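Have a look at my_file-v1.txt; it's compact mmCIF, C-alpha atoms and all ligand atoms:
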```
# COMPACT_ATOMS: atom_id res chain seq x y z
CA MET A 1 23.78 -2.93 29.33
CA LEU A 2 20.05 -3.24 30.16
CA GLU A 3 18.69 -5.91 27.86
CA ILE A 4 15.03 -6.78 27.53
CA ARG A 5 14.28 -9.86 25.43
CA ALA A 6 10.79 -11.11 24.58
CA LEU A 7 9.56 -9.72 27.90
CA ALA A 8 5.82 -10.19 28.43
CA ARG A 9 3.31 -9.59 31.21
CA ARG A 10 -0.42 -10.26 31.24
CA LEU A 11 -2.51 -8.07 33.54
CA GLY A 12 -6.15 -9.07 33.84
CA PRO A 13 -8.22 -10.09 30.81
CA ASN A 14 -7.77 -6.88 28.83
CA PHE A 15 -4.12 -5.94 28.90
CA SER A 16 -0.89 -7.59 28.03
CA LEU A 17 2.54 -6.04 27.67
CA GLY A 18 4.87 -7.32 24.97
CA PRO A 19 6.50 -9.58 24.13
CA MET A 20 9.01 -6.81 23.57
CA ASP A 21 12.74 -6.28 23.01
CA LEU A 22 14.67 -3.22 24.10
CA SER A 23 18.34 -2.51 24.79
CA ILE A 24 19.52 0.49 26.74
CA ALA A 25 23.18 1.49 26.58
CA PRO A 26 25.26 2.74 29.52
CA ARG A 27 24.71 6.46 30.21
CA GLU A 28 21.77 6.55 27.84
CA ILE A 29 18.62 8.44 28.82
CA VAL A 30 15.57 6.75 27.36
CA CYS A 31 12.07 8.13 27.52
CA LEU A 32 9.07 5.78 27.54
CA VAL A 33 6.15 7.66 26.07
CA GLY A 34 2.58 6.88 25.14
CA HIS A 35 -1.02 7.58 26.05
CA SER A 36 -2.39 6.62 29.45
CA GLY A 37 -2.77 2.87 29.85
CA CYS A 38 -0.25 1.86 27.15
CA GLY A 39 1.91 0.02 29.69
CA LYS A 40 4.74 2.44 30.51
CA SER A 41 4.48 1.96 34.28
CA THR A 42 4.09 -1.79 33.85
CA LEU A 43 7.39 -1.94 31.96
CA LEU A 44 9.07 0.23 34.59
CA ARG A 45 7.77 -2.04 37.37
CA LEU A 46 9.12 -5.12 35.59
CA ILE A 47 12.56 -3.51 35.28
CA ALA A 48 12.50 -2.45 38.94
CA GLY A 49 11.42 -5.91 40.08
CA ILE A 50 8.21 -4.67 41.71
CA ASP A 51 6.40 -6.98 39.29
CA ARG A 52 7.29 -10.31 37.64
CA PRO A 53 7.11 -11.02 33.91
CA ASN A 54 5.17 -14.04 32.63
CA SER A 55 7.93 -14.76 30.13
CA GLY A 56 11.08 -13.31 28.61
CA THR A 57 14.36 -12.18 30.07
CA LEU A 58 15.72 -9.03 31.67
CA ARG A 59 19.49 -8.63 32.01
CA LEU A 60 21.60 -5.89 33.55
CA ASP A 61 25.30 -5.93 32.64
CA GLY A 62 24.93 -9.56 31.58
CA ARG A 63 23.36 -10.66 34.88
CA VAL A 64 19.87 -12.14 34.58
CA LEU A 65 17.47 -10.21 36.83
CA ALA A 66 14.32 -11.94 35.63
CA GLY A 67 13.99 -14.95 33.37
CA PRO A 68 13.03 -18.60 33.37
CA GLY A 69 13.53 -19.75 36.96
CA VAL A 70 15.29 -16.53 38.00
CA PHE A 71 13.94 -13.53 39.88
CA VAL A 72 16.19 -11.04 41.64
CA GLU A 73 14.41 -9.04 44.36
CA PRO A 74 14.17 -5.24 43.78
CA GLU A 75 16.63 -4.34 46.55
CA GLN A 76 19.26 -6.69 45.04
CA ARG A 77 19.04 -5.16 41.55
CA ASN A 78 21.02 -1.95 41.96
CA ILE A 79 18.22 -0.06 40.24
CA GLY A 80 16.93 3.27 41.57
CA PHE A 81 13.33 4.49 41.37
CA VAL A 82 11.88 7.99 41.54
CA PHE A 83 8.12 7.77 42.03
CA GLN A 84 5.60 10.20 40.60
CA ASP A 85 4.65 11.43 44.08
CA TYR A 86 8.34 11.27 45.21
CA ALA A 87 7.47 8.95 48.16
CA LEU A 88 9.88 10.71 50.54
CA PHE A 89 9.76 9.41 54.11
CA PRO A 90 7.76 12.10 55.95
CA HIS A 91 9.30 11.43 59.38
CA LEU A 92 12.90 11.70 58.13
CA THR A 93 14.78 14.91 57.31
CA ILE A 94 15.96 15.48 53.76
CA GLU A 95 19.48 14.43 54.74
CA GLN A 96 18.16 11.25 56.40
CA ASN A 97 16.03 10.54 53.34
CA VAL A 98 19.09 10.75 51.08
CA MET A 99 21.19 8.64 53.47
CA PHE A 100 18.48 6.00 53.74
CA GLY A 101 19.82 3.85 50.91
CA LEU A 102 23.36 4.04 52.32
CA ARG A 103 22.68 2.26 55.61
CA ARG A 104 25.26 -0.40 54.83
CA TRP A 105 27.93 2.07 53.76
CA PRO A 106 30.65 3.16 56.22
CA ARG A 107 29.17 6.17 58.03
CA ALA A 108 31.79 8.72 56.89
CA LYS A 109 31.49 7.65 53.25
CA ALA A 110 27.69 7.74 53.40
CA LYS A 111 27.80 11.23 54.92
CA GLU A 112 30.23 12.44 52.26
CA ARG A 113 28.08 11.07 49.40
CA THR A 114 24.91 12.56 50.91
CA GLU A 115 26.54 15.98 51.21
CA MET A 116 27.73 15.77 47.62
CA LEU A 117 24.23 14.93 46.34
CA LEU A 118 22.56 17.59 48.48
CA SER A 119 25.01 20.08 47.04
CA LEU A 120 24.44 18.89 43.44
CA THR A 121 20.68 19.25 43.90
CA ALA A 122 21.05 22.63 45.66
CA LEU A 123 19.47 21.29 48.85
CA SER A 124 22.38 21.68 51.30
CA ALA A 125 20.65 24.53 53.12
CA MET A 126 17.52 22.38 53.57
CA ALA A 127 19.22 19.20 54.80
CA ASP A 128 17.53 19.40 58.23
CA ARG A 129 14.05 20.15 56.98
CA TYR A 130 11.29 17.57 56.67
CA PRO A 131 9.68 16.86 53.26
CA HIS A 132 6.51 18.83 54.01
CA MET A 133 8.67 21.94 54.51
CA LEU A 134 9.87 21.79 50.87
CA SER A 135 8.26 23.06 47.68
CA GLY A 136 7.25 20.58 44.96
CA GLY A 137 10.41 21.26 42.95
CA GLU A 138 12.61 20.81 46.03
CA GLN A 139 10.87 17.56 46.92
CA GLN A 140 11.49 16.32 43.38
CA ARG A 141 15.21 17.12 43.76
CA ALA A 142 15.31 15.40 47.16
CA ALA A 143 13.72 12.27 45.65
CA LEU A 144 16.30 12.38 42.86
CA ALA A 145 19.18 12.77 45.33
CA ARG A 146 17.85 9.86 47.41
CA ALA A 147 17.54 7.60 44.34
CA LEU A 148 21.02 8.49 43.06
CA ALA A 149 22.76 8.08 46.43
CA PRO A 150 23.43 4.31 46.25
CA GLU A 151 24.99 4.72 42.76
CA PRO A 152 22.32 2.73 40.90
CA ALA A 153 23.30 1.14 37.59
CA VAL A 154 19.98 2.38 36.19
CA LEU A 155 17.60 5.03 37.45
CA LEU A 156 13.88 4.69 36.70
CA MET A 157 11.65 7.75 36.90
CA ASP A 158 7.84 7.53 36.64
CA GLU A 159 6.33 10.83 35.44
CA PRO A 160 8.88 12.73 37.58
CA PHE A 161 7.82 16.21 36.48
CA SER A 162 4.05 15.83 36.23
CA ASN A 163 3.34 17.17 39.74
CA LEU A 164 5.09 20.46 39.01
CA ASP A 165 3.61 23.68 37.68
CA ARG A 166 4.19 24.32 34.00
CA ASP A 167 6.72 27.11 34.59
CA LEU A 168 8.73 25.13 37.08
CA ARG A 169 8.56 21.89 35.12
CA GLU A 170 10.87 23.00 32.33
CA ARG A 171 13.58 24.21 34.69
CA VAL A 172 13.43 21.14 36.94
CA ARG A 173 13.56 18.95 33.84
CA SER A 174 16.67 20.58 32.45
CA ASP A 175 18.34 20.59 35.90
CA THR A 176 17.50 16.89 36.28
CA LEU A 177 18.92 16.03 32.86
CA ALA A 178 22.09 18.00 33.61
CA LEU A 179 22.50 16.06 36.86
CA LEU A 180 21.91 12.70 35.16
CA ARG A 181 24.57 13.58 32.56
CA ARG A 182 26.99 14.81 35.18
CA THR A 183 26.66 11.64 37.25
CA ASN A 184 26.84 9.42 34.10
CA THR A 185 23.51 7.89 35.05
CA THR A 186 21.62 5.50 32.79
CA ALA A 187 17.98 6.48 33.09
CA VAL A 188 14.54 5.39 31.90
CA ILE A 189 12.00 8.18 32.25
CA VAL A 190 8.26 7.72 31.76
CA THR A 191 6.08 10.51 30.44
CA HIS A 192 2.80 10.84 28.60
CA ASP A 193 3.66 14.35 27.39
CA PRO A 194 4.86 14.37 23.75
CA GLU A 195 6.77 17.64 24.01
CA GLU A 196 8.50 16.53 27.20
CA ALA A 197 9.51 13.25 25.55
CA LEU A 198 10.95 15.02 22.49
CA SER A 199 13.10 17.25 24.66
CA THR A 200 14.11 14.73 27.30
CA GLY A 201 15.60 11.49 26.07
CA ASP A 202 18.53 10.46 23.88
CA ARG A 203 16.01 7.99 22.49
CA LEU A 204 12.26 7.69 22.76
CA VAL A 205 10.30 4.48 22.97
CA LEU A 206 6.76 5.15 21.79
CA MET A 207 4.26 2.61 23.14
CA LYS A 208 0.67 1.74 22.33
CA GLY A 209 -1.51 -1.01 23.80
CA GLY A 210 1.43 -2.75 25.51
CA ARG A 211 3.58 -2.78 22.35
CA ILE A 212 6.47 -0.69 21.09
CA VAL A 213 5.40 1.32 18.04
CA GLN A 214 8.68 3.07 17.23
CA ILE A 215 12.10 3.66 18.81
CA GLY A 216 14.38 6.51 17.82
CA THR A 217 15.65 9.97 18.62
CA GLY A 218 13.15 12.77 19.03
CA ARG A 219 14.07 14.10 15.60
CA GLU A 220 13.59 10.68 13.98
CA LEU A 221 10.14 10.19 15.49
CA TYR A 222 9.07 13.73 14.67
CA HIS A 223 10.45 13.85 11.12
CA ARG A 224 10.18 10.17 10.12
CA PRO A 225 7.16 8.65 11.88
CA SER A 226 6.80 4.99 10.96
CA ASP A 227 3.00 5.04 11.02
CA PRO A 228 -0.01 7.33 11.54
CA TYR A 229 0.02 6.74 15.31
CA SER A 230 3.62 7.99 15.64
CA ALA A 231 2.86 10.98 13.44
CA GLU A 232 -0.23 12.03 15.36
CA PHE A 233 1.29 11.45 18.77
CA PHE A 234 3.76 14.29 18.30
CA SER A 235 1.95 16.71 16.01
CA THR A 236 -1.31 18.10 14.70
CA PHE A 237 -2.09 17.18 11.08
CA THR A 238 -4.75 17.62 8.48
CA ARG A 239 -5.49 14.16 7.08
CA VAL A 240 -6.18 14.25 3.38
CA PRO A 241 -7.50 11.04 1.82
CA GLY A 242 -6.24 9.91 -1.54
CA VAL A 243 -5.15 6.98 -3.66
CA TYR A 244 -1.66 5.61 -4.22
CA ARG A 245 -0.86 5.57 -7.92
CA GLU A 246 2.36 5.74 -9.96
CA GLY A 247 4.64 6.69 -7.09
CA SER A 248 2.51 9.31 -5.41
CA VAL A 249 -0.54 9.75 -3.22
CA GLN A 250 -3.06 11.63 -5.32
CA THR A 251 -5.39 13.93 -3.41
CA VAL A 252 -7.54 17.01 -3.99
CA LEU A 253 -4.54 19.06 -2.81
CA GLY A 254 -2.26 17.53 -5.43
CA ALA A 255 -0.01 14.51 -5.76
CA PHE A 256 2.56 13.82 -3.04
CA PRO A 257 5.47 11.70 -4.32
CA CYS A 258 6.32 8.70 -2.16
CA SER A 259 7.09 5.04 -2.32
CA LEU A 260 4.55 2.87 -0.53
CA ASP A 261 4.78 -0.89 -0.50
CA VAL A 262 1.23 -1.40 -1.82
CA PRO A 263 -0.32 -1.89 -5.27
CA ASP A 264 -1.55 1.07 -7.31
CA GLY A 265 -5.14 1.91 -6.45
CA THR A 266 -4.72 1.37 -2.71
CA ARG A 267 -6.35 3.96 -0.50
CA ALA A 268 -3.84 6.20 1.25
CA VAL A 269 -3.73 9.32 3.40
CA ALA A 270 -1.48 12.36 3.20
CA TYR A 271 -0.69 13.86 6.59
CA ILE A 272 -0.11 17.57 6.24
CA ARG A 273 1.58 19.37 9.09
CA PRO A 274 0.20 22.90 9.65
CA GLN A 275 3.70 24.36 9.22
CA ALA A 276 3.93 22.75 5.75
CA VAL A 277 1.14 25.03 4.50
CA TYR A 278 2.36 28.52 3.71
CA PRO A 279 0.93 31.67 2.12
CA SER A 280 1.84 32.14 -1.53
CA PRO A 281 0.11 35.14 -3.06
CA VAL A 282 1.54 34.67 -6.56
CA GLY A 283 1.86 31.91 -9.16
CA THR A 284 -0.07 28.70 -9.36
CA ALA A 285 -0.98 28.47 -5.70
CA MET A 286 -4.19 26.86 -4.46
CA THR A 287 -6.97 28.91 -2.92
CA GLY A 288 -8.81 28.38 0.33
CA ARG A 289 -11.58 30.24 2.09
CA VAL A 290 -10.53 31.38 5.54
CA ARG A 291 -12.84 29.75 8.06
CA SER A 292 -11.01 30.94 11.17
CA ARG A 293 -7.92 32.85 12.04
CA SER A 294 -6.14 33.09 15.38
CA PHE A 295 -3.03 35.12 16.07
CA ARG A 296 -0.85 33.43 18.70
CA GLY A 297 2.16 35.72 18.94
CA GLU A 298 4.97 33.83 17.26
CA ILE A 299 2.66 32.10 14.81
CA GLU A 300 -0.76 32.58 13.33
CA GLN A 301 -3.11 29.64 12.83
CA LEU A 302 -5.70 29.59 10.09
CA GLU A 303 -8.29 27.04 9.08
CA LEU A 304 -9.01 26.97 5.38
CA ASP A 305 -11.95 25.46 3.56
CA VAL A 306 -10.67 24.01 0.32
CA GLU A 307 -12.98 22.76 -2.39
CA GLY A 308 -13.25 18.97 -2.38
CA LEU A 309 -11.67 18.60 1.05
CA GLY A 310 -14.06 17.41 3.76
CA THR A 311 -12.11 18.86 6.70
CA PRO A 312 -10.54 22.28 7.13
CA LEU A 313 -6.87 22.53 6.21
CA ILE A 314 -4.89 23.80 9.18
CA MET A 315 -2.08 26.25 8.50
CA ARG A 316 0.45 27.69 10.93
CA THR A 317 2.72 30.39 9.71
CA THR A 318 5.15 33.02 10.94
CA GLN A 319 4.68 34.99 7.69
CA HIS A 320 2.37 37.89 7.02
CA VAL A 321 -0.96 36.53 5.84
CA ASP A 322 -2.73 38.40 3.09
CA VAL A 323 -6.43 37.51 3.09
CA VAL A 324 -8.33 38.97 0.13
CA GLU A 325 -12.13 38.83 0.24
CA GLY A 326 -11.96 36.00 2.75
CA LYS A 327 -9.66 33.97 0.52
CA LEU A 328 -6.03 32.99 0.81
CA ARG A 329 -3.60 31.56 -1.70
CA PHE A 330 -1.33 28.90 -0.31
CA ARG A 331 1.17 26.19 -1.15
CA ILE A 332 2.21 22.98 0.55
CA GLU A 333 5.82 22.01 1.16
CA GLU A 334 5.86 18.47 -0.25
CA GLU A 335 8.83 17.25 1.80
CA ALA A 336 6.95 17.93 5.02
CA VAL A 337 4.00 15.74 4.05
CA PHE A 338 3.82 12.13 5.31
CA THR A 339 1.96 9.49 3.37
CA PHE A 340 0.60 6.21 4.68
CA ALA A 341 -1.30 3.44 2.96
CA MET A 342 -4.74 2.73 4.40
CA PRO A 343 -5.67 -0.48 2.62
CA GLY A 344 -9.33 -1.33 3.02
CA PRO A 345 -11.36 -4.45 2.07
CA GLY A 346 -12.24 -3.06 -1.36
CA ASP A 347 -8.64 -2.36 -2.46
CA GLN A 348 -6.51 -4.64 -4.55
N1 LIG A 401 -2.81 -5.16 38.62
C1 LIG A 401 -3.47 -4.98 37.50
N2 LIG A 401 -4.46 -5.82 37.13
C2 LIG A 401 -5.12 -5.67 35.96
N3 LIG A 401 -4.85 -4.70 35.07
C3 LIG A 401 -3.88 -3.82 35.37
C4 LIG A 401 -3.14 -3.92 36.59
N4 LIG A 401 -2.23 -2.90 36.60
C5 LIG A 401 -2.39 -2.22 35.46
N5 LIG A 401 -3.38 -2.76 34.71
C6 LIG A 401 -3.82 -2.31 33.39
O1 LIG A 401 -2.71 -2.39 32.53
C7 LIG A 401 -2.72 -1.32 31.59
C8 LIG A 401 -1.37 -0.60 31.60
O2 LIG A 401 -1.21 0.11 32.81
P1 LIG A 401 0.05 1.05 33.08
O3 LIG A 401 -0.11 1.61 34.44
O4 LIG A 401 1.29 0.29 32.78
O5 LIG A 401 -0.15 2.16 31.97
P2 LIG A 401 0.61 3.57 31.79
O6 LIG A 401 0.99 3.64 30.37
O7 LIG A 401 1.70 3.67 32.80
O8 LIG A 401 -0.56 4.58 32.10
P3 LIG A 401 -0.53 5.98 32.90
O9 LIG A 401 0.19 6.95 32.00
O10 LIG A 401 -1.99 6.30 33.06
O11 LIG A 401 0.17 5.73 34.21
C9 LIG A 401 -3.88 -0.44 31.95
O12 LIG A 401 -4.94 -0.76 31.08
C10 LIG A 401 -4.24 -0.86 33.37
O13 LIG A 401 -5.61 -0.70 33.61
```
Represent the supplied structure as structure tokens.
Amino acid sequence: MLEIRALARRLGPNFSLGPMDLSIAPREIVCLVGHSGCGKSTLLRLIAGIDRPNSGTLRLDGRVLAGPGVFVEPEQRNIGFVFQDYALFPHLTIEQNVMFGLRRWPRAKAKERTEMLLSLTALSAMADRYPHMLSGGEQQRAALARALAPEPAVLLMDEPFSNLDRDLRERVRSDTLALLRRTNTTAVIVTHDPEEALSTGDRLVLMKGGRIVQIGTGRELYHRPSDPYSAEFFSTFTRVPGVYREGSVQTVLGAFPCSLDVPDGTRAVAYIRPQAVYPSPVGTAMTGRVRSRSFRGEIEQLELDVEGLGTPLIMRTTQHVDVVEGKLRFRIEEEAVFTFAMPGPGDQ
């Protein structure tokens, strides 16, 4: 329904977005995620029509919104926008804010829709208040109600939860998602928070330097990262250098079976998630010297010095940890280790 084809935008001498392709299906909630400056807001602005692409095409339900010789103004796009700071009109009441986008609707219908949205966002009792008389969470809901009022085909949200306290954020997020589902809204939500992205969208679009690195569900990106950047964006890892040979990456912590599309002898790295390291007091386990240990309630994190490994191996476990004379025996769950080739100039 929302189709982005070879869309590109240059901004100054140091940044360019795309060219990129992305399709968003009706009722889908997509999360754009990436570190600050990767181009998330730029992409959102191009979709909204606040900015113009240098090339490429943007279509909504088959209609070209931006493309060679075509540019549809933002107010003609039927696309809603929730800004990071909510941008509510300070001199209008909450009800007037929500009704603002319905100026051309018949009055009775506009009033009915406003009441419905105020009720859905639990703001009916605050309809006559002004924005400054609302808490941050209430203002966020008012901004959401205002953006949804004109029945946009797509709703864009730029860091919509980042101004909220940590405790409140989770609740507002799940309420927002429930409302988007209930109103069958197609939404594109920007965040720089990995955990928020994993728990928010049907699909995530991970961006870096104006490009898309990987698209997939939260589980796909977390469990099958396509490259080191994807892996490290969502998780902590210990990086263990090695060499790819005979179908495995061979390291000081053992050989991790994999199939990399590089010749034998190529340098590679095994990414070991802390949860993949677990205590194993018996058998042929490896031994590490405990460098630090911190109990965090549900889990305990340890850093282990292992002979031949330049960096400490991080372990997170829910199990009882038996440290004997400063040493711990451990194993690594092979399936939870990711391997990537790191070809350098000296490799064949
Ligand atoms: N008008 C402009 N002129 C020149 N460069 C710009 C302009 N607007 C943005 N940029 C640059 O484009 C890059 C992408 O900016 P953008 O705001 O899209 O990133 P972002 O991923 O949304 O970051 P954040 O999470 O910090 O909001 C940044 O390097 C920024 O400095």
For ligand LIG 401 (chain A), which of A:Asp165, A:Asp193, A:Glu138, A:Asp128 is the closest residue, counting all atoms listed in the file?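 For ligand LIG 401 (chain A), the nearest of the candidates is A:Asp193.
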Taking only C-alpha atoms and all ligand atoms into account, which residues are within 7 Å of ligand LIG 401 (chain A), as a PDB file with C-alpha atoms, in the frame of the given file?
```pdb
ATOM      1  CA  LEU A  11      -2.510  -8.070  33.540  1.00  0.00           C
ATOM      2  CA  GLY A  12      -6.150  -9.070  33.840  1.00  0.00           C
ATOM      3  CA  PHE A  15      -4.120  -5.940  28.900  1.00  0.00           C
ATOM      4  CA  GLY A  34       2.580   6.880  25.140  1.00  0.00           C
ATOM      5  CA  HIS A  35      -1.020   7.580  26.050  1.00  0.00           C
ATOM      6  CA  SER A  36      -2.390   6.620  29.450  1.00  0.00           C
ATOM      7  CA  GLY A  37      -2.770   2.870  29.850  1.00  0.00           C
ATOM      8  CA  CYS A  38      -0.250   1.860  27.150  1.00  0.00           C
ATOM      9  CA  GLY A  39       1.910   0.020  29.690  1.00  0.00           C
ATOM     10  CA  LYS A  40       4.740   2.440  30.510  1.00  0.00           C
ATOM     11  CA  SER A  41       4.480   1.960  34.280  1.00  0.00           C
ATOM     12  CA  THR A  42       4.090  -1.790  33.850  1.00  0.00           C
ATOM     13  CA  LEU A  43       7.390  -1.940  31.960  1.00  0.00           C
ATOM     14  CA  HIS A 192       2.800  10.840  28.600  1.00  0.00           C
TER      15      HIS A 192
END
```
Would you mind reading off the distance between atom CA of Pro90 of chain A and atom CA of Asn78 of chain A, one decimal, in Å?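 Rounded to one decimal, the two atoms are 23.9 Å apart.
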I need the residue nearest Phe256 of chain A from this list: A:Ile332, A:Val323, A:Ile4, A:Leu92. Use only C-alpha atoms for the distance.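 Ranking A:Ile332, A:Val323, A:Ile4, A:Leu92 by distance to Phe256 of chain A, first place goes to A:Ile332.
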When distances are computed from only C-alpha atoms, which of A:Thr284, A:Thr339, A:Ser174, A:Thr114 shows the smallest separation from Pro225 of chain A?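 Counting only C-alpha atoms, the residue closest to Pro225 of chain A is A:Thr339.
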Go through segment 106-218 of chain A and flag each residue having an atom no more than 12 Å from segment 54-72 of chain A; for those, report the closest pair of atoms plus their distance in Å to one decimal, using all atoms listed in the file, ordered by chain and rising number, as CSV.
```
residue,atom,partner,partner_atom,distance
A:Pro152,CA,A:Leu60,CA,11.4
A:Ala153,CA,A:Leu60,CA,8.3
A:Val154,CA,A:Leu60,CA,8.8
A:Thr186,CA,A:Leu60,CA,11.4
```
Calculate how many Å separate atom CA of Phe81 of chain A from atom CA of Ser230 of chain A, rounding to one decimal. 27.7 Å
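Of the residues under consideration (A:Ala276, A:Leu253, A:Leu168, A:Ala6), A:Leu253 shows the shortest atom-to-atom contact distance to Gly310 of chain A when counting all atoms listed in the file.
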Within 12 Å of Gln250 of chain A, counting all atoms listed in the file, which residues show up once you throw out same-chain ones fewer than 2 positions away? Write them as a PDB file with C-alpha atoms, in the coordinates of the input, please.
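Dumped everything to around.pdb:
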```
ATOM      1  CA  VAL A 240      -6.180  14.250   3.380  1.00  0.00           C
ATOM      2  CA  PRO A 241      -7.500  11.040   1.820  1.00  0.00           C
ATOM      3  CA  GLY A 242      -6.240   9.910  -1.540  1.00  0.00           C
ATOM      4  CA  VAL A 243      -5.150   6.980  -3.660  1.00  0.00           C
ATOM      5  CA  TYR A 244      -1.660   5.610  -4.220  1.00  0.00           C
ATOM      6  CA  ARG A 245      -0.860   5.570  -7.920  1.00  0.00           C
ATOM      7  CA  GLU A 246       2.360   5.740  -9.960  1.00  0.00           C
ATOM      8  CA  GLY A 247       4.640   6.690  -7.090  1.00  0.00           C
ATOM      9  CA  SER A 248       2.510   9.310  -5.410  1.00  0.00           C
ATOM     10  CA  VAL A 252      -7.540  17.010  -3.990  1.00  0.00           C
ATOM     11  CA  LEU A 253      -4.540  19.060  -2.810  1.00  0.00           C
ATOM     12  CA  GLY A 254      -2.260  17.530  -5.430  1.00  0.00           C
ATOM     13  CA  ALA A 255      -0.010  14.510  -5.760  1.00  0.00           C
ATOM     14  CA  PHE A 256       2.560  13.820  -3.040  1.00  0.00           C
ATOM     15  CA  PRO A 257       5.470  11.700  -4.320  1.00  0.00           C
ATOM     16  CA  CYS A 258       6.320   8.700  -2.160  1.00  0.00           C
ATOM     17  CA  ASP A 264      -1.550   1.070  -7.310  1.00  0.00           C
ATOM     18  CA  GLY A 265      -5.140   1.910  -6.450  1.00  0.00           C
ATOM     19  CA  THR A 266      -4.720   1.370  -2.710  1.00  0.00           C
ATOM     20  CA  ARG A 267      -6.350   3.960  -0.500  1.00  0.00           C
ATOM     21  CA  ALA A 268      -3.840   6.200   1.250  1.00  0.00           C
ATOM     22  CA  VAL A 269      -3.730   9.320   3.400  1.00  0.00           C
ATOM     23  CA  ALA A 270      -1.480  12.360   3.200  1.00  0.00           C
ATOM     24  CA  THR A 339       1.960   9.490   3.370  1.00  0.00           C
ATOM     25  CA  PHE A 340       0.600   6.210   4.680  1.00  0.00           C
ATOM     26  CA  ALA A 341      -1.300   3.440   2.960  1.00  0.00           C
TER      27      ALA A 341
END
```
When you count only C-alpha atoms, which of these residues is closest to Arg211 of chain A: A:Arg182, A:Arg289, A:Arg273, A:Arg9?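 The closest residue to Arg211 of chain A is A:Arg9.
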Residue nearest Tyr278 of chain A among A:Ile314, A:Val249, A:Leu309, A:Val33 (counting only C-alpha atoms):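 Closest to Tyr278 of chain A of all the choices is A:Ile314.
Interatomic distance, atom CA of Leu313 of chain A to atom CA of Ser226 of chain A: 22.7 Å.
For Ser235 of chain A, the non-local neighbours within 9 Å, defined as residues at least 2 positions apart in the same chain or in other chains and counting all atoms listed in the file, are A:Pro194, A:Tyr222, A:Ser230, A:Ala231, A:Glu232, A:Phe233, A:Phe237, A:Arg273.
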Excluding Met126 of chain A and its own-chain neighbours fewer than 3 positions away, which residues fall within 8 Å of it when counting all atoms listed in the file? Please give them as a list in words.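 Selected residues are Ile94, Leu123 and Arg129 of chain A.
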Could you add the missing atoms to segment 74-86 of chain A, up to N, CA and C atoms, and return them as a compact mmCIF listing (two decimals), in the coordinates of the input?
```
# COMPACT_ATOMS: atom_id res chain seq x y z
N PRO A 74 13.87 -6.64 44.14
CA PRO A 74 14.17 -5.24 43.78
C PRO A 74 15.40 -4.68 44.50
N GLU A 75 15.53 -4.96 45.80
CA GLU A 75 16.63 -4.34 46.55
C GLU A 75 17.99 -4.94 46.19
N GLN A 76 17.98 -6.07 45.46
CA GLN A 76 19.26 -6.69 45.04
C GLN A 76 19.62 -6.30 43.60
N ARG A 77 18.84 -5.40 42.98
CA ARG A 77 19.04 -5.16 41.55
C ARG A 77 19.98 -4.00 41.23
N ASN A 78 20.23 -3.16 42.20
CA ASN A 78 21.02 -1.95 41.96
C ASN A 78 20.33 -1.02 40.95
N ILE A 79 19.02 -0.92 41.11
CA ILE A 79 18.22 -0.06 40.24
C ILE A 79 17.48 0.95 41.12
N GLY A 80 17.59 2.22 40.78
CA GLY A 80 16.93 3.27 41.57
C GLY A 80 15.56 3.61 40.98
N PHE A 81 14.69 4.17 41.83
CA PHE A 81 13.33 4.49 41.37
C PHE A 81 12.92 5.84 41.94
N VAL A 82 12.48 6.74 41.07
CA VAL A 82 11.88 7.99 41.54
C VAL A 82 10.40 7.91 41.20
N PHE A 83 9.56 7.92 42.24
CA PHE A 83 8.12 7.77 42.03
C PHE A 83 7.49 9.12 41.68
N GLN A 84 6.33 9.01 41.05
CA GLN A 84 5.60 10.20 40.60
C GLN A 84 5.32 11.15 41.77
N ASP A 85 4.96 10.57 42.93
CA ASP A 85 4.65 11.43 44.08
C ASP A 85 5.86 11.57 45.02
N TYR A 86 7.03 11.16 44.52
CA TYR A 86 8.34 11.27 45.21
C TYR A 86 8.50 10.27 46.36
```
